[in-house]
Structures are given as C-alpha cells and as structure tokens.
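Have a look at the structure below before the remarks.
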Amino acid sequence: MGSKPWLNPAPTYRPLEGYWETDDDAPGPRCGHTLTAVAASKSYGPRLILFGGATAIECGASSSAPGIRLAGVTNSVHSYDVVTRKWSRIRPAGDPPSPRAAHAAAAVGTMVVFQGGIGPAGHSTDDLYVLDMTNDKYKWHRVVVQGHGPGPRYGHVMDLVAQRFLVTVSGNDGKRVLSDAWALDTAQKPYVWQRLNPEGDRPSARMYATASARSDGMLLLCGGRDSSGTPLTDAYGLLMHRNGRWEWTLAPGVSPSPRYQHAAVFVGTRLHVTGGALRGGRAIEGEAAIAVLDTAAGAWLDRNGLVTSSKANKGHSEFDPSLELMRRCRHAAASVAVRIYIYGGLRGDILLDDLLFAENSPFESDISMPIVASERTPSASKVVQSNFNANVPEQASDGRYEIPDSGGISMDKNSLDKLVEASTAEVEAVRIVWQAAQAASSSPSDETSASDDYTQATDTLSDGSDIEADVRLHPRAVVVAKEAVGNLGGMVRQLSLDQFEHENRRMMPVSSDPSNLTKKFTRQKSPQGLHKKIISTLLRPRNWKAPLNRKFFLDSYEVGELCHAAEQIFMQEPTVLQLRAPVKVFGDLHGQFGDLMRLFDEYGFPSTAGDITYIDYLFLGDYVDRGQHSLETITLLLALKIEYQENFHLIRGNHEAADINALFGFRLECIERMGENDGIWAWTRFNQLFNYLPLSALIEKKIICMHGGIGRSINSVEQIEKLERPITMDAGSIVLMDLLWSDPTENDSIEGLRPNARGPGLVTFGPDRVLDFCKKNKLQLIIRAHECVMDGFERFAHGQLITLFSATNYCGTANNAGAILVIGRGLVVVPKLIHPLPPPVHSPEMSPERAIDDTWMQELNIQRPPTPTRGRPKPDQDRSSLAYI
C-alpha cells in the first residue's frame, strides 16, 4: 500500500469518558440507534442526540449466526453535551415516535428529524417526527405529509441535502431490498414526498448503507448489503441540477473493504467510515475497520495512507487495541467541529455502551472547523485554537450563551415551516468555539512544547530541506456543470486535462510526491467597522443580487477610509509576497462580481464560516474595468484584505493604473454610481492605493505568481523585489512593464522574444525564456493572468507556466470558462472551473449580472474593443490600438 504524503491518513479512535447524574441519564448499551449532532442554543453548546435502538439481545446470539435477535427496542432520547461531556436523558413534550431501531435521522439546526425503522410491532410508519429543541424547550412534532411517500422501511438512510431537501434512499420494506430515492422539499407547503428518477450511474438495491450530506449539498451513499446478503464496497454521490434533475455519480477510489451496518459522517470533504459487518455478520477487523473517503482527492485512505486494493478482511497481524475498539457494527456516528464521535454498537454477542472519538487531521486542507477546546488533545495544533474567536458565543450576566446573529435559528414549532432558515445553523454549529473553550485555551506546558516542536520542524522543512515537495499539476480539473445548482465538489465533476478542447495543446508537468506543511491563520482586529460592513453587505455567495438602481452603497468618505486602512497594510508588505501553501489563486476578474460570488459559492469563500482558516487567497490583479461591478469587486477585496491581512493577498494588474482604468470603464462606473464629484474623487483615491499593491508572490519558494510575465528584462526574482513602491506606470522601469504587460508566445514552438500585438514596446516570451527563468531561480512553475483563455486556465512551456483567467464570458462575447487554481499543501495544483451563465430566461431580475452587463459591455466594447482571447485569430485591427489592452 502506497502512502501519499499529501493525503492525510484515517485517524485513530480513542475512548472518551462522560458522566451522568442518574443511571437513567446514561444511554447504556445499545445498537441500531442514531447519533445526531445539533447546533448550539442560547444555553448549551453543540450536543449529540441519541435516539432509539435495541438495548438487549435474545437467545444468546453469537457473532457467527446471521440474523441476530435484538430486543429491548426503545424510543428514549439522550443528550450528550460536547463541552461538559455530560449525558442527560430528555423527555420532550408531545406524542413521541414509537420505539424503533434501524431508523434514519437528520439534523436541521437545533432539531432532529426521524423517519422509519422497525420496532416490537413491526415496521414503523413513514411519518416524519421532529424533535424540536428551539429555546431549549423539547417537544415532539409529527409532520403532515400529503400523498404517497417512501412507505414503512428500515435499514435506510436519510439526510438534509443542499439545506433544503430531506432525501431518503434504499432500505428494506419487509418484502424486498430497495434502490429508490425520495426527496421532500422543506421550502414548499403542503409537504409532499417526490420519488426521484436520478440520471447517471445508479446504485444497486441495498440496505444498511450509510449516507451523509456534505455541507455543499451532495449526499454520499456508501456501502450496504444487497438482496443476496453480499456486502458492497461502492460509494455514490447524489446531487441536484439547476433544472431540477437529480444525478447519481460513482465515487472514485478503492474502498478498503465491503461493509454494511457501519457508520459514516463527513468532516469537511472527508467522509469518515468506521466498523461494519461482512457476510454472515462477521465484523470487519484490522486496518479496514477505519477508513476515510477524501472526496476532494477522490481517494480512499486507511491509517497507513492511500488504499490501492480492497481487502477481504484479512485481519491485523498484531493485536492493536485501537483497531479492536472499532470491531463493531450497528453503531452510530456524528461529527462536531473536527471531531468524529461514535457510540455503542454490537461486537459479537456483546452490546457496547462506549463513546469513542477521533480528530480529523488539524492540518487537513478541507476543514474549516475548530477543535472543541474542552476536549483538545496534545496532538491538536495550537494554531487552530484561535481560528474562530469571532464566532465565540459571549456569556451574558444570566449565564446564558449569546449566539451571533449569523447562527440564529428560528423554528415554527408546529411544523417544518422554517426548516430552510434553521438548516443554515447546521453548518454554523460546527464552526463555533464555545465559552468553555476560552477557559481551556491555556494549554499545559507539555502541549505547548509539542506544538512548538512541530511548528519548528515544519518551518525547517519549508526553508530548504532536500525532501520538500515538488510542484505537480493535478491530472484532473474540477468542473461545475453549466446547469448545476450548488457546489458539486471535487468528486462529482472531474475531467482529465486532456479532455479540454482548448487547453489540451500543452504538455503535462512532471509529477512528484508532495509533503504536508502547516499554516498560520491571523485575523485582523480593527477597531473600525467599515470593512466589516462591506463584508456583511457584499460577501453573499449564494444570494448576492446586483442593485437595480445602480447606486453604490458607500460614499466617497468611506472609500477614502477603506483605501487608507488597506494602504497601511500594503505599505508594510514586500514587493514580492512570500506565501505558504495551501493557496487558492484567482486570475482576472474585471469587475464581474457575479463570477467572484459564483467561485466563492462553488469552491469556498473567505470567512470563518468558509475556508479562510486553512487556505490563503491570492488574486493576480485586474480587479476593475470592463465589467459593471468594479466597485463591488475592489471594495470587497480590500475589506477582506483588512479583515484577513495575513491570509488574503492582492497583487497588481495592468488595469490597476489610472491611465488604463480611465478608459476601460472604472472611472465611468465611479462617476455613474457615486456622482461626478464623489466618483472622480473615489476613482483617484483607488488609483493612489493601486500604486502600493505588491507586484508578485512566491509560494513555497517554488511557484511565482504575477499578472503578466517575465518579458525580455526579468531574469531573477531579485529584480522584482528591488522595485520600490509606491510606483506608477510612467515612473516604472521596463521591468514593471514586462511584469504587468508581457504575454507568452502563441505556443511552445515559438521561442525567444517577439513583438506583442498589444502595442509597441511590448513583447511576448517563448518557452525557452520560461525554462531558463525557472532554472535560474530554482522555481518549478509560473502562474500568471492577463489573457482570456477559453478553459479558464491554459498551460505553456511544457507545463511550467499556467495562464489563469477567472471571469467568464469576457466582455460578454468570449463565452470562455473561468477558473481558479487550488494549490494544496503538497503543492498539487488543481484547476477548478465555472462556465458562463446562460442568458436570462424570464426577466432581468432573474440574472441581473448577465442582463444588465450585456448593455454595459456592448456600449464599452464599441468604444474599447476587448483583447482577443488567447489562441483565437486576431482581428484586422491596428496592433497599436486599444483593442489589445
């Protein structure tokens, strides 16, 4: 089995002791129950809700006997407080569901929805029961659903998908094993179950599988047992397209073992799978009992790393207590923050009553949640402890926790009327560090020592060790389907780079094994709230809409304050930024704010509710001009820079210059949306700020990022470092001109220096220049922007240079895709794409970014023709004209 250092292996589980006041508060031994993590309330931190299950075994069943007889099925509800580790039995008001096991549950904010199962009287009904814990008043509700539904079943799965749809899949109705899928739209009344007819690779009929919904809206079905009793190894993702169609997609990778009656739960993009049974009820043993499906990498991992073949439960050569703990089935799992919790289950003829936990790697690049500090172990990174202080609930004088507005939950106690609002708290719940965490934030000295030692070791590795990672372009790009809703994620649409119509003219870069590094997260503590106001107003990836009256929401005074605050930060930064991976790199935006929101929506956004705590952001310039929302684009980027100055980075493009953006739309937009006097003043102030922007960035000393290129004059990184700021275009040297304006030649066959069609004095540089520059400076990759490319990214110079462009359908005419590059800790570079939006169907309000932009871009294109897309034939125009800028 090969271990890839950029893929974090599966974790090790350990017992976690809790306490209770009375024996009745303890859940006791059980199996076939559910364990569900719920959001915080005003009085409590996150909790685990345990419901139902079997509490006894009849006839002394043995592990070798299939069809074990369970008894003592219950409908009791127990709550585990993650912060205090206390178990409590709760007795909600209202009519409870009948005693049941092998049922399904899904969390929605501070409530849990239950469906199906089997009990002493046979199959439970398919009614939906809601355990409502709003305002810490526990109450049962039965939801009325009209029409035909999934029907009574057990051994099925259910979760909330896309924060809107309750989806249930598979199971057994007492007559046969099922393969159907049903969805209930919680945003529409009357509530109706809809039987789905998904396209794609459909999973076979199964029961005792698991399903967990990723926070971006994809349900992952894993394992199970088919109608013949054969355990299954496969996994499938279920997603919904923009037009309402659903689709199954087979997950890549090789599972360590077939299994059913296991448990699985997502932490970030990693599905943690534990335990389970094989044919005949034999428990899975050895390393295969603990597995992770990394959906971003499309790979299965066990504790040793990457899994390359499925095992037939060969067991473990040496006794390992941690693996023996996971020899169980019919248990339940839930996750809070970076922790996975497991309770109970069955081992042979023994019912279990233990609570186990493990931590997803604190250095895993997919995770944006904190570790709960009250249960922190010495292995946890100290850096993570301070990541989410902005979301810490403050304790009021009456002892209650005051929850930030963004995590507030409003619930209709009579039904599911407000499931949608409440569901947003599902994501927020795992991102909050509670007051108890503050009390525990002062770690023991031995923990500090261990953490410091690790940090020192990784710093040494980054600064010149011979075993550092090499840069490697991932062989597949992540693509969002044109018609799809929400973030489809890494495993749903991965296309080979050779499948791109325009990009595949280039050669593949050399691959090598990367290694893991750590990263520091710092949040700016600014006394003034202007930048927070901007972020609150504009950072809305899912629901941002262009203002119909076009008036900008900031005045010139506020623009001046914003520029001053950002300018003070840029003045302290070097001309060439020194960055650590992971980094998310963006190309030209050109005022297409809607595309920026779409990229944030699909691939993560910079906030503590997003991914800023574990990945840096780098933008390569050309924030303004052409598009009609340059003001929104540049103000949000500057506000984010102020808020996350150590993790959010901007460098300069050729359009961040007054003589250029006076002609290509930015000056006109400022005047139109702010008034002539305020608009001209704001435009002038922005351009003063642009003179302070850094000019380049180095990532791990192996990847250099710039806006344009190396041209004819740049032979070393030191030449760029020597450029002093503030600097204007007219005062800049030929180095600045090459850095912001030069382009690669048409293809790898054209070497040397050639005149650039953009205008006199500008050049294009060949692949030989790229290879020489990289060799001399010990670099492995150049990432630059500046040119529209049809697939959003395009390789050059045998893969040692990548052109990146993030705005789609440039100037309303190019019909190009937009892309970003995600550089992981192992320096694996993954392109991630979005397609242009289709034309508006009903009204301009349905697609304001596209509808209003059409008019804006048409008028601007007449006056200032767009730069030809790279690789497209050049029109018959004067090569010194503005068409090439």
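So you can find residues: chains in the structure tokens are A, B, ... in the order shown, residues in each start at 1, and ligands are numbered from 1 in order.
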
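Using only C-alpha atoms, the protein and nucleic acid residues lying no more than 7 Å from Thr233 (chain A), apart from those fewer than 3 places from it along its own chain, are Gly223, Ser255, Ser257, Pro258 and Arg259 of chain A.
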
Inset, instruction - Would you mind listing what lies within 10 Å of Lys722 (chain A) as a PyMOL selection string, with only C-alpha atoms counted and same-chain residues fewer than 2 positions away left out? - result: chain A and resi 574-576+717-720+724-725

Could you write those residues out with N, CA and C atoms, as a PDB file, in the first residue's frame?
ATOM      1  N   PRO A 574       6.123  43.251   1.468  1.00  0.00           N
ATOM      2  CA  PRO A 574       7.190  43.321   0.470  1.00  0.00           C
ATOM      3  C   PRO A 574       6.620  43.376  -0.943  1.00  0.00           C
ATOM      4  N   THR A 575       7.443  43.765  -1.871  1.00  0.00           N
ATOM      5  CA  THR A 575       7.011  43.804  -3.265  1.00  0.00           C
ATOM      6  C   THR A 575       6.714  42.408  -3.794  1.00  0.00           C
ATOM      7  N   VAL A 576       7.475  41.442  -3.348  1.00  0.00           N
ATOM      8  CA  VAL A 576       7.227  40.037  -3.684  1.00  0.00           C
ATOM      9  C   VAL A 576       6.772  39.333  -2.412  1.00  0.00           C
ATOM     10  N   VAL A 717      14.175  36.904  -9.612  1.00  0.00           N
ATOM     11  CA  VAL A 717      13.150  37.403  -8.690  1.00  0.00           C
ATOM     12  C   VAL A 717      13.645  38.666  -8.006  1.00  0.00           C
ATOM     13  N   GLU A 718      14.947  38.771  -7.813  1.00  0.00           N
ATOM     14  CA  GLU A 718      15.505  39.935  -7.135  1.00  0.00           C
ATOM     15  C   GLU A 718      15.206  41.229  -7.893  1.00  0.00           C
ATOM     16  N   GLN A 719      15.124  41.154  -9.216  1.00  0.00           N
ATOM     17  CA  GLN A 719      14.794  42.358  -9.980  1.00  0.00           C
ATOM     18  C   GLN A 719      13.410  42.887  -9.610  1.00  0.00           C
ATOM     19  N   ILE A 720      12.484  41.991  -9.376  1.00  0.00           N
ATOM     20  CA  ILE A 720      11.139  42.417  -8.974  1.00  0.00           C
ATOM     21  C   ILE A 720      11.167  42.955  -7.550  1.00  0.00           C
ATOM     22  N   GLU A 724      10.632  49.676  -6.037  1.00  0.00           N
ATOM     23  CA  GLU A 724      10.156  50.369  -4.853  1.00  0.00           C
ATOM     24  C   GLU A 724       8.752  50.899  -5.076  1.00  0.00           C
ATOM     25  N   ARG A 725       7.933  50.777  -4.075  1.00  0.00           N
ATOM     26  CA  ARG A 725       6.559  51.273  -4.133  1.00  0.00           C
ATOM     27  C   ARG A 725       6.399  52.408  -3.126  1.00  0.00           C
TER      28      ARG A 725
END

Inset, instruction - DSSP on the backbone, then: every residue of region 314-360 of chain A marked strand (DSSP E or B), written as a list in words. - result: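 Restricting region 314-360 of chain A to strand (DSSP E or B) produces Cys329, Ala332, Ala333, Ala334, Ser335, Val336, Arg339, Ile340, Tyr341, Ile342, Tyr343, Gly344, Gly345, Leu346, Arg347, Ile350, Leu351, Leu352, Asp353, Asp354, Leu355, Leu356, Phe357, Ala358 and Glu359 of chain A.
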
Inset, instruction - Find the residues around Gln261 (chain A) up to 8 Å (only C-alpha atoms counted), leave out those fewer than 3 positions away in its own chain, and share them as number ranges by chain. - result: A: 208-210, 224, 275-277, 329-331

Quick check for you: according to DSSP on this backbone, which residues of region 712-790 of chain A are classed as helix (DSSP H, G or I)? Reply as an mmCIF file with N, CA, C and O atoms, in the first residue's frame.
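Saved the output as states_4.cif:
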data_model
loop_
_atom_site.group_PDB
_atom_site.id
_atom_site.type_symbol
_atom_site.label_atom_id
_atom_site.label_comp_id
_atom_site.auth_asym_id
_atom_site.auth_seq_id
_atom_site.Cartn_x
_atom_site.Cartn_y
_atom_site.Cartn_z
ATOM 1 N N VAL A 717 14.175 36.904 -9.612
ATOM 2 C CA VAL A 717 13.150 37.403 -8.690
ATOM 3 C C VAL A 717 13.645 38.666 -8.006
ATOM 4 O O VAL A 717 12.861 39.569 -7.685
ATOM 5 N N GLU A 718 14.947 38.771 -7.813
ATOM 6 C CA GLU A 718 15.505 39.935 -7.135
ATOM 7 C C GLU A 718 15.206 41.229 -7.893
ATOM 8 O O GLU A 718 15.044 42.293 -7.281
ATOM 9 N N GLN A 719 15.124 41.154 -9.216
ATOM 10 C CA GLN A 719 14.794 42.358 -9.980
ATOM 11 C C GLN A 719 13.410 42.887 -9.610
ATOM 12 O O GLN A 719 13.202 44.103 -9.552
ATOM 13 N N ILE A 720 12.484 41.991 -9.376
ATOM 14 C CA ILE A 720 11.139 42.417 -8.974
ATOM 15 C C ILE A 720 11.167 42.955 -7.550
ATOM 16 O O ILE A 720 10.546 43.985 -7.245
ATOM 17 N N GLU A 721 11.920 42.293 -6.688
ATOM 18 C CA GLU A 721 11.994 42.724 -5.291
ATOM 19 C C GLU A 721 12.570 44.121 -5.147
ATOM 20 O O GLU A 721 12.234 44.851 -4.205
ATOM 21 N N ILE A 734 11.328 49.213 -17.284
ATOM 22 C CA ILE A 734 10.918 48.185 -18.233
ATOM 23 C C ILE A 734 10.568 46.889 -17.510
ATOM 24 O O ILE A 734 9.776 46.086 -18.008
ATOM 25 N N VAL A 735 11.144 46.699 -16.308
ATOM 26 C CA VAL A 735 10.807 45.526 -15.512
ATOM 27 C C VAL A 735 9.331 45.554 -15.137
ATOM 28 O O VAL A 735 8.617 44.546 -15.251
ATOM 29 N N LEU A 736 8.826 46.695 -14.693
ATOM 30 C CA LEU A 736 7.417 46.819 -14.340
ATOM 31 C C LEU A 736 6.534 46.600 -15.570
ATOM 32 O O LEU A 736 5.485 45.940 -15.489
ATOM 33 N N MET A 737 6.952 47.153 -16.706
ATOM 34 C CA MET A 737 6.174 46.995 -17.926
ATOM 35 C C MET A 737 6.086 45.521 -18.327
ATOM 36 O O MET A 737 5.009 45.013 -18.655
ATOM 37 N N ASP A 738 7.202 44.812 -18.293
ATOM 38 C CA ASP A 738 7.190 43.384 -18.618
ATOM 39 C C ASP A 738 6.352 42.598 -17.615
ATOM 40 O O ASP A 738 5.609 41.680 -17.985
ATOM 41 N N LEU A 739 6.487 42.937 -16.346
ATOM 42 C CA LEU A 739 5.802 42.203 -15.289
ATOM 43 C C LEU A 739 4.282 42.279 -15.437
ATOM 44 O O LEU A 739 3.582 41.301 -15.181
ATOM 45 N N LEU A 740 3.771 43.431 -15.874
ATOM 46 C CA LEU A 740 2.319 43.626 -15.933
ATOM 47 C C LEU A 740 1.735 43.478 -17.325
ATOM 48 O O LEU A 740 0.517 43.323 -17.463
ATOM 49 N N TRP A 741 2.571 43.528 -18.365
ATOM 50 C CA TRP A 741 2.027 43.601 -19.722
ATOM 51 C C TRP A 741 2.430 42.469 -20.657
ATOM 52 O O TRP A 741 1.771 42.232 -21.671
ATOM 53 N N PRO A 767 8.862 29.652 -24.659
ATOM 54 C CA PRO A 767 9.052 28.639 -23.612
ATOM 55 C C PRO A 767 10.498 28.543 -23.141
ATOM 56 O O PRO A 767 10.751 28.159 -21.996
ATOM 57 N N ASP A 768 11.428 28.875 -24.016
ATOM 58 C CA ASP A 768 12.836 28.841 -23.605
ATOM 59 C C ASP A 768 13.112 29.850 -22.500
ATOM 60 O O ASP A 768 13.871 29.571 -21.566
ATOM 61 N N ARG A 769 12.469 31.030 -22.610
ATOM 62 C CA ARG A 769 12.623 32.040 -21.553
ATOM 63 C C ARG A 769 12.050 31.523 -20.234
ATOM 64 O O ARG A 769 12.617 31.744 -19.160
ATOM 65 N N VAL A 770 10.923 30.848 -20.313
ATOM 66 C CA VAL A 770 10.296 30.324 -19.089
ATOM 67 C C VAL A 770 11.196 29.290 -18.434
ATOM 68 O O VAL A 770 11.447 29.334 -17.218
ATOM 69 N N LEU A 771 11.697 28.343 -19.216
ATOM 70 C CA LEU A 771 12.529 27.290 -18.654
ATOM 71 C C LEU A 771 13.810 27.850 -18.063
ATOM 72 O O LEU A 771 14.250 27.426 -16.980
ATOM 73 N N ASP A 772 14.431 28.810 -18.750
ATOM 74 C CA ASP A 772 15.664 29.416 -18.234
ATOM 75 C C ASP A 772 15.409 30.178 -16.931
ATOM 76 O O ASP A 772 16.187 30.081 -15.979
ATOM 77 N N PHE A 773 14.284 30.921 -16.898
ATOM 78 C CA PHE A 773 13.971 31.707 -15.702
ATOM 79 C C PHE A 773 13.716 30.782 -14.501
ATOM 80 O O PHE A 773 14.216 31.028 -13.397
ATOM 81 N N CYS A 774 12.968 29.730 -14.722
ATOM 82 C CA CYS A 774 12.672 28.808 -13.630
ATOM 83 C C CYS A 774 13.936 28.101 -13.141
ATOM 84 O O CYS A 774 14.140 27.947 -11.929
ATOM 85 N N LYS A 775 14.776 27.704 -14.071
ATOM 86 C CA LYS A 775 16.003 27.011 -13.682
ATOM 87 C C LYS A 775 16.922 27.922 -12.885
ATOM 88 O O LYS A 775 17.473 27.524 -11.848
ATOM 89 N N LYS A 776 17.075 29.144 -13.339
ATOM 90 C CA LYS A 776 17.983 30.082 -12.673
ATOM 91 C C LYS A 776 17.495 30.438 -11.274
ATOM 92 O O LYS A 776 18.289 30.626 -10.351
#

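Here CA of Asp159 (chain A) stands at a distance of 18.8 Å from CA of Trp140 (chain A).
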
Legend entry - Long-range neighbours of Asp791 (chain A) as a list of chain:residue names, 9 Å cut-off, only C-alpha atoms, 2 positions minimum in chain: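 The neighbour list is A:Phe500, A:Glu501, A:His502, A:Glu503, A:Cys788, A:Val789, A:Phe793, A:Glu794, A:Phe805, A:Asn816, A:Ala817, A:Gly818, A:Ala819, A:Leu833, A:His835.
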
Between region 710-814 of chain A and region 676-700 of chain A, at 6 Å or less, what are the per-residue closest atom pairs and their distances in Å? Count only C-alpha atoms, order by chain and rising residue number, and return it as a Markdown table.
| residue | atom | partner | partner_atom | distance |
| --- | --- | --- | --- | --- |
| A:Arg725 | CA | A:Tyr692 | CA | 5.6 |
| A:Pro726 | CA | A:Tyr692 | CA | 4.6 |
| A:Ile727 | CA | A:Asn691 | CA | 5.1 |
| A:Thr728 | CA | A:Asn691 | CA | 5.9 |

Legend entry - 8 Å contact set for Asp748 (chain A), only C-alpha atoms, chain neighbours under 3 positions out, as a list in words: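 Listed by chain and then number, they are Arg506, Thr745, Glu751, Gly766, Pro767, Phe796, Ala797 and His798 of chain A.
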